[in-house]
Amino acid sequence: MYPPPPARRRAALTAVSAAALVAAVAAGVLAAPAPALADPALREHGNGPERNDVAAAPFQDTARTFAAPAPPQVPGVDPATPYPRQSELPVHPEDPADHSVKLGLTPYHDIAPALNELMDDSDRVSAEIIGTSTRGRDLYLVTLTEPENRGRADQQRRMRELIADDPARAARDRTLPDRYKTPVLVNANIHGNEWEGTDASLRVIEELALSEEPATEELLDGARLYFVLTANPDGRVAGTRANGAGFDLNRDFVTVSQPETAALRQVMIDTQPLVMVDQHGYVNGTLIEPCTPPHGQNYEYDLFIKNTYENALRMEAAILELGYTPEGDGVLPPQIPFRDSTDGWDDWPPIFTPMYAPYQGAVASATVEFPMRVNNADYTNLPEAELRRRSAINTDISAATIEATIEFARENREELIADQIEVFRRGAAGEEQVVPPEGWVPGFGPEDVYTTDFPRAYVLPGRDRATGRLVDFLIANDVRVGRAEEAFTVEGNAYPAGSYVVDMHQPKRGMANVLLEAGRDISDDVEAMYDISGWSHGLLWGAEVAPVQEAVTVPTAAVAVAEPTGRVEEPGAAGWRLEVADGSDAAALNGLLAAGAEVTWSGGGAVVAPGAADAVAEAADRHGSVFTAADEPGGAALEPVTVAVAGAADEVFTLQALGFDLVPVSTAVLNGGFDWSGVDVLYAGAGLVYADLNAGARAGLDGFLADGGGLVGRGLTGSRLNDQAGLLEATRVAGRSDANGVVAAAAGEGALTGTGGHTFVYSPSWFTGLGEGVSVEQSYAADPLVAGHWRANANGSGGPRAAAGQAAVVSGTAGGAAVVLFGTEPMFRNHPKGLFGQVAQALYWTASASPEA
């Protein structure tokens with residue numbers, strides 16, 4: 001099955017001499033190979049200490065054009081309707097500015113006409129709209145299969161459900177592999193300026209749709225091939241990696257904040273692919289997963305690596321058969337990180353499409369990074385002929401990997417079906433993960449073993465909005481959740497009736513554990529990580545999540561949606577009190593303010609609403625907030641808070657979703673002349689450098705702050721602005737730049753509440769040398785890192801020991817302004833939802849607490 005193993009973990013790209021590589025790069029013939037990923041300034045996702053100063057500029061308009069607190073419902077894939085499913089797709093207006101045109105690739109507006117023509121020519125092709133993008137463009141799913149009648153379509157549905165719902169019974173059905181149409185999923189163009197996977201998919205679809213070969217008919221009679229043609233049409237048209245809201249969609253699967261990600265997630269749940277391949281660019285030679293350690297600890301990794309590695313070898317062979325060479329074409333031989341690299345291309349977090357797919361049943365999934373760079377500076381600077389030459393090569397290579405994957409699935413269909421059934425069977429039976437022997441695949445060793453001890457169940461006892469949000473998210477990810485019908489005790493702890501129970505003896509236990517576990521400190525395991533290393537929906541979303549090792553025997557009812565959490569109690573003498581503890585509470589408060597309700601700030605993170613019963617009831621119903629009796633009136637009256645935002649896309653998106661009135665600003669905007677008169681608070685997280693302001697802009701900002709304008713700053717941008725504007729006396733100390741993860745925190749004694757518990761860091765920092773009047777709002781715990789990757793620098797600085805006990809968030813007033821500075825990442829990629837209330841409190845407090853306000 002496998003060729004002789006090469007040297008394990010050898011340096012990548014040794015097939016080409018260093019001299020030849022340097023010469024080719026210098027000549028501009030090929031893109032430089034991927035840099036070492038330990039330095040976040042070099043990483044493709046753009047994070048790091050200065051990440052948002054660079055990333056913010058393209059997204060400055062999103063506050064005005066986009067707001068979505070949660071991704072919309074998506075249609076998904078109907079399991080009952082037989083194929084073909086053919087209806088005329090609406091055609092989008094021609095857009096000559098589509099960035100695909102220059103590359104000789106298919107512009108977005110030509111995709112629907114091409115699919116309509118294919119459906120006219122072939123009954124094997126079905127094209128459906130599975131959702132819309134941020135900017136309203138259709139997302140297309142194309143299915144290739146031989147025509148079915150209703151009976152066979154229903155048979156396929158029942159077999160798919162049997163595999164997922166009763167895998168032990170499916171394993172006993174000896175006829176199932178012969179009858180089941182094996183699902184294969186190809187995803188393309190999730191990064192908008194990595195175009196060629198779309199054109200390669202269209203090529204493969206057309207070839208298979210029109211082929212008269214008996215082998216093609218046999219293939220499509222036993223398979224359903226699914227193609228998401230462009231998962232990011234907004235980015236495809238604009239030539240940007242991110243979607244229309246500025247999000248990297250291939251980092252969103254643990255959060256699903258964007259409509260495109262929601263649609264793709266639903267496709268994976270509905271189609272339950274055995275094999276999945278994700279088309280990307282640009283790494284020369286072509287990078288083909290599987291990945292380096294650490295591997296996701298919730299996989300059934302023995303099955304995953306066996307199949308993914310074999311498919312990688314097949315894709316590698318298919319690329320080499322194309323005959324492209326370093327000397328003639330600038331194309332280096334493919335590389336497989338599992339075989340060729342030590343670390344830096346890991347598959348640890350489930351944020352990537354191919355790393356999420358295994359939790360929905362894929363037993364082989366991989367990213368392919370075709371080689372010839374045509375985006376960013378190359379798109380602008382290279383001649384059009386050269387760009388088209390490179391794109392043609394990339395399209396050939398992408399098509400070759402798709403065809404190889406389809407052939408791999410065809411030849412191994414019975415084994416792949418059995419392995420998917422086995423993944424779900426182990427979960428339902430609660431069996432331990434299998435650790436394969438050394439050499440299970442060439443090069444597999446102890447460094448590849450990452451497993452976990454699954455709890456017997458999780459209990460979520462809360463009846464609050466954070467718990468309800470998490471329960472709904474679990475269900476949306478196809479995790480089974482029950483609600484206790486009576487009170488119960490487990491492991492000596494009493495839980496009330498209505499508590500949510502996630503029994504971990506369920507087929508998709510890996511998915512459940514990814515979303516509910518606290519995570520793991522992997523700092524000592526590897527030197528470098530590709531992206532984030534920690535996440536936690538319990539610790540960062542604000543919900544109580546209790547793992548238990550005993551079975552929960554109380555009767556439970558299956559949950560389809562969490563119970564409503566909004567409640568309005570009888571008013572007190574002063575009306576109602578709302579604790580702004582959660583982002584949903586901030587959205588509720590902003591809704592009240594927008595409706596003209598009288599609201600006063602009572603301090604301690606709470607507000608009082610003396611009247612407007614209808615508005616209060618609507619806010620509770622819409623946002624799930626709880627309004628209790630207020631016996632004492634509040635203090636200063638609150639008005640709608642207008643925030644001038646110099647922030648990254650995730651910050652703009654989150655603040656807009658919370659309902660704040662936003663005005664985008666940047667260094668360039670202020671230098672062009674800006675009216676501060678309608679602004680209450682400046683949020684500075686990215687794109688604003690005080691020292692780069694011209695005299696007029698600096699005077700305007702200084703005047704805003706002196707007149708009582710507030711400042712909320714995050715990271716380097718926020719603290720640098722604070723220093724250069726001469727505000728709080730606080731020295732920012734930078735931790736190691738690539739550190740990230742979930743950290744334990746302690747509450748301080750400042751104006752904000754709910755600052756204990758846990759928070760998230762990326763390139764963490766802390767504050768020392770605090771001057772008079774500067775309060776600590778939050779500090780790092782004595783042993784801060786709970787889950788993630790955070791090492792000290794080579795000289796011993798910047799690590800978690802140095803951060804222990806230091807101030808993570810500080811506040812105070814200076815020069816007329818109220819200021820809050822964050823050394824943490826409370827809005828990172830819209831994920832740490834339990835921290836959004838902390839940011840909202842900072843904005844309300846700085847808007848109302850300034851001496852001049």
# chains A, B, ... in the order shown; residues from 1 in each chain; ligands from 1
call {"tool": "residues_around", "arguments": {"residues": "A:Asp154", "least_positions_apart": "5", "cutoff": "8 Å", "atoms": "only C-alpha atoms", "output": "PyMOL selection string"}}
result
chain A and resi 79-82
call {"tool": "residues_around", "arguments": {"residues": "A:Glu218", "least_positions_apart": "5", "cutoff": "9 Å", "atoms": "only C-alpha atoms", "output": "PyMOL selection string"}}
result
chain A and resi 146+213+223
call {"tool": "atom_distance", "arguments": {"atom1": "atom CA of A:Trp348", "atom2": "atom CA of A:His295"}}
result
4.8 Å
call {"tool": "residues_around", "arguments": {"residues": "A:Ala97", "least_positions_apart": "5", "cutoff": "10 Å", "atoms": "only C-alpha atoms", "output": "list in words"}}
result
Lys102, Pro107, Val237, Ala238 and Gly239 of chain A
call {"tool": "residues_around", "arguments": {"residues": "stretch 754-766 of chain A", "least_positions_apart": "2", "cutoff": "9 Å", "atoms": "only C-alpha atoms", "output": "PyMOL selection string"}}
result
chain A and resi 40+47-49+532+534-535+539-540+542+581+605+715-716+731-748+752+768+777-780+784+786+798+803+806-809+822-828+832+834-835+837-838
call {"tool": "write_last_selection", "arguments": {"atoms": "C-alpha atoms", "output": "PDB file, in the first residue's frame"}}
result
ATOM      1  CA  PRO A  40       3.055  35.112  13.979  1.00  0.00           C
ATOM      2  CA  ASN A  47      -2.197  37.553  13.776  1.00  0.00           C
ATOM      3  CA  GLY A  48       0.549  38.728  16.029  1.00  0.00           C
ATOM      4  CA  PRO A  49       1.480  41.785  18.029  1.00  0.00           C
ATOM      5  CA  ILE A 532      -4.563  28.948  17.878  1.00  0.00           C
ATOM      6  CA  GLY A 534      -6.807  26.773  22.883  1.00  0.00           C
ATOM      7  CA  TRP A 535     -10.529  27.410  22.808  1.00  0.00           C
ATOM      8  CA  LEU A 539     -14.879  28.730  29.925  1.00  0.00           C
ATOM      9  CA  LEU A 540     -15.058  31.463  27.272  1.00  0.00           C
ATOM     10  CA  GLY A 542     -19.726  31.921  30.242  1.00  0.00           C
ATOM     11  CA  ALA A 581     -22.967  40.427  32.368  1.00  0.00           C
ATOM     12  CA  GLY A 605     -21.957  46.706  35.718  1.00  0.00           C
ATOM     13  CA  GLY A 715      -3.091  45.392  22.864  1.00  0.00           C
ATOM     14  CA  LEU A 716      -0.181  47.332  21.459  1.00  0.00           C
ATOM     15  CA  THR A 731       3.630  50.254  31.282  1.00  0.00           C
ATOM     16  CA  ARG A 732       2.677  47.506  28.850  1.00  0.00           C
ATOM     17  CA  VAL A 733       4.850  44.388  28.999  1.00  0.00           C
ATOM     18  CA  ALA A 734       4.611  42.126  25.968  1.00  0.00           C
ATOM     19  CA  GLY A 735       4.488  38.374  26.396  1.00  0.00           C
ATOM     20  CA  ARG A 736       5.775  35.949  23.806  1.00  0.00           C
ATOM     21  CA  SER A 737       4.292  37.006  20.483  1.00  0.00           C
ATOM     22  CA  ASP A 738       2.984  33.614  19.334  1.00  0.00           C
ATOM     23  CA  ALA A 739       1.446  32.655  22.685  1.00  0.00           C
ATOM     24  CA  ASN A 740      -2.277  32.043  22.702  1.00  0.00           C
ATOM     25  CA  GLY A 741      -4.903  30.224  24.654  1.00  0.00           C
ATOM     26  CA  VAL A 742      -7.423  30.166  27.459  1.00  0.00           C
ATOM     27  CA  VAL A 743      -6.096  31.630  30.687  1.00  0.00           C
ATOM     28  CA  ALA A 744      -7.363  31.782  34.253  1.00  0.00           C
ATOM     29  CA  ALA A 745      -7.936  35.251  35.616  1.00  0.00           C
ATOM     30  CA  ALA A 746      -8.784  36.990  38.881  1.00  0.00           C
ATOM     31  CA  ALA A 747     -11.169  39.901  39.237  1.00  0.00           C
ATOM     32  CA  GLY A 748      -9.770  43.261  40.287  1.00  0.00           C
ATOM     33  CA  LEU A 752     -16.020  46.619  35.798  1.00  0.00           C
ATOM     34  CA  THR A 768       3.189  47.223  35.442  1.00  0.00           C
ATOM     35  CA  GLU A 777      -9.783  45.337  36.567  1.00  0.00           C
ATOM     36  CA  GLN A 778      -8.447  41.864  35.903  1.00  0.00           C
ATOM     37  CA  SER A 779      -5.199  40.045  36.575  1.00  0.00           C
ATOM     38  CA  TYR A 780      -3.644  36.802  35.423  1.00  0.00           C
ATOM     39  CA  PRO A 784      -2.569  31.277  34.140  1.00  0.00           C
ATOM     40  CA  VAL A 786      -5.389  26.456  31.059  1.00  0.00           C
ATOM     41  CA  GLY A 798       7.339  36.694  28.183  1.00  0.00           C
ATOM     42  CA  ALA A 803       2.516  37.084  33.606  1.00  0.00           C
ATOM     43  CA  GLN A 806       0.108  40.784  36.741  1.00  0.00           C
ATOM     44  CA  ALA A 807      -2.609  43.201  35.668  1.00  0.00           C
ATOM     45  CA  ALA A 808      -4.312  42.071  32.457  1.00  0.00           C
ATOM     46  CA  VAL A 809      -6.890  44.880  32.265  1.00  0.00           C
ATOM     47  CA  PHE A 822      -6.920  45.397  27.675  1.00  0.00           C
ATOM     48  CA  GLY A 823      -3.863  43.143  27.500  1.00  0.00           C
ATOM     49  CA  THR A 824      -6.171  40.284  26.547  1.00  0.00           C
ATOM     50  CA  GLU A 825      -8.247  39.458  23.429  1.00  0.00           C
ATOM     51  CA  PRO A 826     -11.877  39.653  24.576  1.00  0.00           C
ATOM     52  CA  MET A 827     -13.378  39.722  21.062  1.00  0.00           C
ATOM     53  CA  PHE A 828     -10.940  37.437  19.220  1.00  0.00           C
ATOM     54  CA  PRO A 832     -15.027  34.398  23.571  1.00  0.00           C
ATOM     55  CA  GLY A 834     -18.649  35.365  27.666  1.00  0.00           C
ATOM     56  CA  LEU A 835     -16.202  38.297  27.554  1.00  0.00           C
ATOM     57  CA  GLY A 837     -20.117  41.945  28.422  1.00  0.00           C
ATOM     58  CA  GLN A 838     -16.749  43.009  29.825  1.00  0.00           C
TER      59      GLN A 838
END
call {"tool": "closest_residue", "arguments": {"among": "A:Leu162, A:Ala597, A:Val776, A:Leu176", "to": "A:Leu638", "atoms": "only C-alpha atoms"}}
result
A:Ala597
